[in-house]
Amino acid sequence: MSRYRLKGTSGSVINQAFGLSSRLVIGSDAACDIPLQEPNVARQHAEILMDAAGGIVLLNLDAQHQTLCNGKPVNQRALVPGDEIRIGTCRWLLQAPGLRPQRVLTEDAIRPGRAHWPWLLALAVVAGAVLVWQRGWLPF
């Protein structure tokens, strides 16, 4: 059993997990390991191979159709945990169960935390004004 798997994150493969063996073919042909029934997918669109050393390679099998890895078109690319593969409207995340991916979020996806003290200060001023008004501490 392989320690790597593809986790579907969108399209018709969402929430499905596919274990990687030595070879995994993705395409519209029913004989493919991951068959996709949608437009712009070739009969044998892409292949994921695992070499003897445990490395994983993504191959685009049809030059007329794009295979994207991390948002960029590829013909052949070595994969690492955390890479996103996209074919048509389907996306997968390469996972290594028990191992943390090398990158989980890109810098664009990370939003800095917001400071809460301005809101707390405004709330304290409003609460103070209400208290002064209710107690009748205003001179007029």
# chains A, B, ... in the order shown; residues from 1 in each chain; ligands from 1
call {"tool": "residues_around", "arguments": {"residues": "A:Ala42", "least_positions_apart": "3", "cutoff": "8 Å", "atoms": "only C-alpha atoms", "output": "ChimeraX atom specification"}}
result
/A:27-29,45,62,65
call {"tool": "write_last_selection", "arguments": {"atoms": "C-alpha atoms", "output": "PDB file, in the first residue's frame"}}
result
ATOM      1  CA  GLY A  27      -9.056  10.604 -18.261  1.00  0.00           C
ATOM      2  CA  SER A  28     -12.507  10.281 -19.804  1.00  0.00           C
ATOM      3  CA  ASP A  29     -12.049   6.632 -20.778  1.00  0.00           C
ATOM      4  CA  HIS A  45      -5.398  12.858 -20.052  1.00  0.00           C
ATOM      5  CA  ASP A  62      -2.424  14.795 -24.412  1.00  0.00           C
ATOM      6  CA  HIS A  65      -5.500  19.376 -23.238  1.00  0.00           C
TER       7      HIS A  65
END
call {"tool": "residues_around", "arguments": {"residues": "stretch 9-22 of chain A", "least_positions_apart": "3", "cutoff": "8 Å", "atoms": "only C-alpha atoms", "output": "ChimeraX atom specification"}}
result
/A:1-6,36,49-51,89-93
call {"tool": "write_last_selection", "arguments": {"atoms": "N, CA, C and O atoms", "output": "JSON list (two decimals), in the first residue's frame"}}
result
[["chain", "number", "residue", "atom", "x", "y", "z"],
["A", 1, "MET", "N", 0.83, -1.18, 0.00],
["A", 1, "MET", "CA", 0.00, 0.00, 0.00],
["A", 1, "MET", "C", 0.87, 1.24, 0.00],
["A", 1, "MET", "O", 1.85, 1.33, 0.72],
["A", 2, "SER", "N", 0.48, 2.21, -0.81],
["A", 2, "SER", "CA", 1.24, 3.43, -0.94],
["A", 2, "SER", "C", 0.97, 4.37, 0.23],
["A", 2, "SER", "O", -0.10, 4.40, 0.79],
["A", 3, "ARG", "N", 1.94, 5.18, 0.55],
["A", 3, "ARG", "CA", 1.73, 6.17, 1.59],
["A", 3, "ARG", "C", 1.17, 7.47, 1.02],
["A", 3, "ARG", "O", 0.81, 8.37, 1.76],
["A", 4, "TYR", "N", 1.10, 7.59, -0.29],
["A", 4, "TYR", "CA", 0.58, 8.79, -0.93],
["A", 4, "TYR", "C", -0.85, 8.55, -1.42],
["A", 4, "TYR", "O", -1.22, 7.43, -1.77],
["A", 5, "ARG", "N", -1.63, 9.64, -1.48],
["A", 5, "ARG", "CA", -2.98, 9.57, -2.04],
["A", 5, "ARG", "C", -3.34, 10.92, -2.64],
["A", 5, "ARG", "O", -2.78, 11.96, -2.27],
["A", 6, "LEU", "N", -4.30, 10.89, -3.56],
["A", 6, "LEU", "CA", -4.88, 12.10, -4.12],
["A", 6, "LEU", "C", -6.22, 12.32, -3.44],
["A", 6, "LEU", "O", -7.06, 11.44, -3.42],
["A", 36, "LEU", "N", -13.19, 10.54, -15.65],
["A", 36, "LEU", "CA", -13.86, 11.83, -15.53],
["A", 36, "LEU", "C", -14.80, 12.01, -16.71],
["A", 36, "LEU", "O", -14.38, 11.89, -17.85],
["A", 49, "LEU", "N", 3.04, 8.63, -11.99],
["A", 49, "LEU", "CA", 3.91, 7.46, -11.84],
["A", 49, "LEU", "C", 4.72, 7.57, -10.56],
["A", 49, "LEU", "O", 5.14, 8.65, -10.16],
["A", 50, "MET", "N", 4.93, 6.43, -9.91],
["A", 50, "MET", "CA", 5.80, 6.38, -8.75],
["A", 50, "MET", "C", 7.03, 5.55, -9.13],
["A", 50, "MET", "O", 6.89, 4.41, -9.57],
["A", 51, "ASP", "N", 8.20, 6.17, -8.98],
["A", 51, "ASP", "CA", 9.42, 5.44, -9.33],
["A", 51, "ASP", "C", 9.86, 4.54, -8.18],
["A", 51, "ASP", "O", 9.27, 4.54, -7.11],
["A", 89, "THR", "N", -12.53, 20.69, -14.40],
["A", 89, "THR", "CA", -13.04, 21.31, -13.17],
["A", 89, "THR", "C", -12.66, 20.52, -11.93],
["A", 89, "THR", "O", -13.04, 20.90, -10.82],
["A", 90, "CYS", "N", -11.92, 19.44, -12.10],
["A", 90, "CYS", "CA", -11.54, 18.58, -10.97],
["A", 90, "CYS", "C", -10.16, 18.98, -10.44],
["A", 90, "CYS", "O", -9.24, 19.24, -11.22],
["A", 91, "ARG", "N", -10.07, 18.99, -9.13],
["A", 91, "ARG", "CA", -8.79, 19.29, -8.47],
["A", 91, "ARG", "C", -8.51, 18.23, -7.42],
["A", 91, "ARG", "O", -9.41, 17.74, -6.76],
["A", 92, "TRP", "N", -7.23, 17.94, -7.27],
["A", 92, "TRP", "CA", -6.78, 17.00, -6.25],
["A", 92, "TRP", "C", -5.62, 17.62, -5.49],
["A", 92, "TRP", "O", -4.84, 18.39, -6.03],
["A", 93, "LEU", "N", -5.49, 17.23, -4.26],
["A", 93, "LEU", "CA", -4.36, 17.61, -3.43],
["A", 93, "LEU", "C", -3.56, 16.35, -3.16],
["A", 93, "LEU", "O", -4.13, 15.34, -2.73]]
call {"tool": "select_by_dssp", "arguments": {"residues": "stretch 11-115 of chain A", "states": "helix (DSSP H, G or I)", "output": "NGL selection string"}}
result
:A and (11-13 or 107-109)
call {"tool": "write_last_selection", "arguments": {"atoms": "N, CA and C atoms", "output": "compact mmCIF listing (two decimals), in the first residue's frame"}}
result
# COMPACT_ATOMS: atom_id res chain seq x y z
N GLY A 11 -15.00 19.63 -8.12
CA GLY A 11 -15.50 18.91 -9.28
C GLY A 11 -16.15 17.60 -8.88
N SER A 12 -16.23 16.68 -9.81
CA SER A 12 -16.91 15.40 -9.56
C SER A 12 -16.13 14.48 -8.62
N VAL A 13 -14.90 14.83 -8.28
CA VAL A 13 -14.08 13.98 -7.40
C VAL A 13 -13.98 14.52 -5.98
N GLU A 107 1.34 32.10 0.30
CA GLU A 107 1.39 33.38 1.01
C GLU A 107 0.16 34.23 0.70
N ASP A 108 -0.39 34.09 -0.52
CA ASP A 108 -1.58 34.86 -0.89
C ASP A 108 -2.81 34.45 -0.08
N ALA A 109 -2.84 33.20 0.36
CA ALA A 109 -4.01 32.70 1.07
C ALA A 109 -3.96 33.00 2.57
call {"tool": "closest_residue", "arguments": {"among": "A:Glu38, A:Cys32, A:Ile26, A:Val125", "to": "A:Leu58", "atoms": "only C-alpha atoms"}}
result
A:Ile26
call {"tool": "closest_residue", "arguments": {"among": "A:Pro139, A:Ile87, A:Ala63, A:Val126", "to": "A:Gln37", "atoms": "only C-alpha atoms"}}
result
A:Ile87
call {"tool": "atom_distance", "arguments": {"atom1": "atom CA of A:Ala96", "atom2": "atom CA of A:Asn40"}}
result
28.8 Å
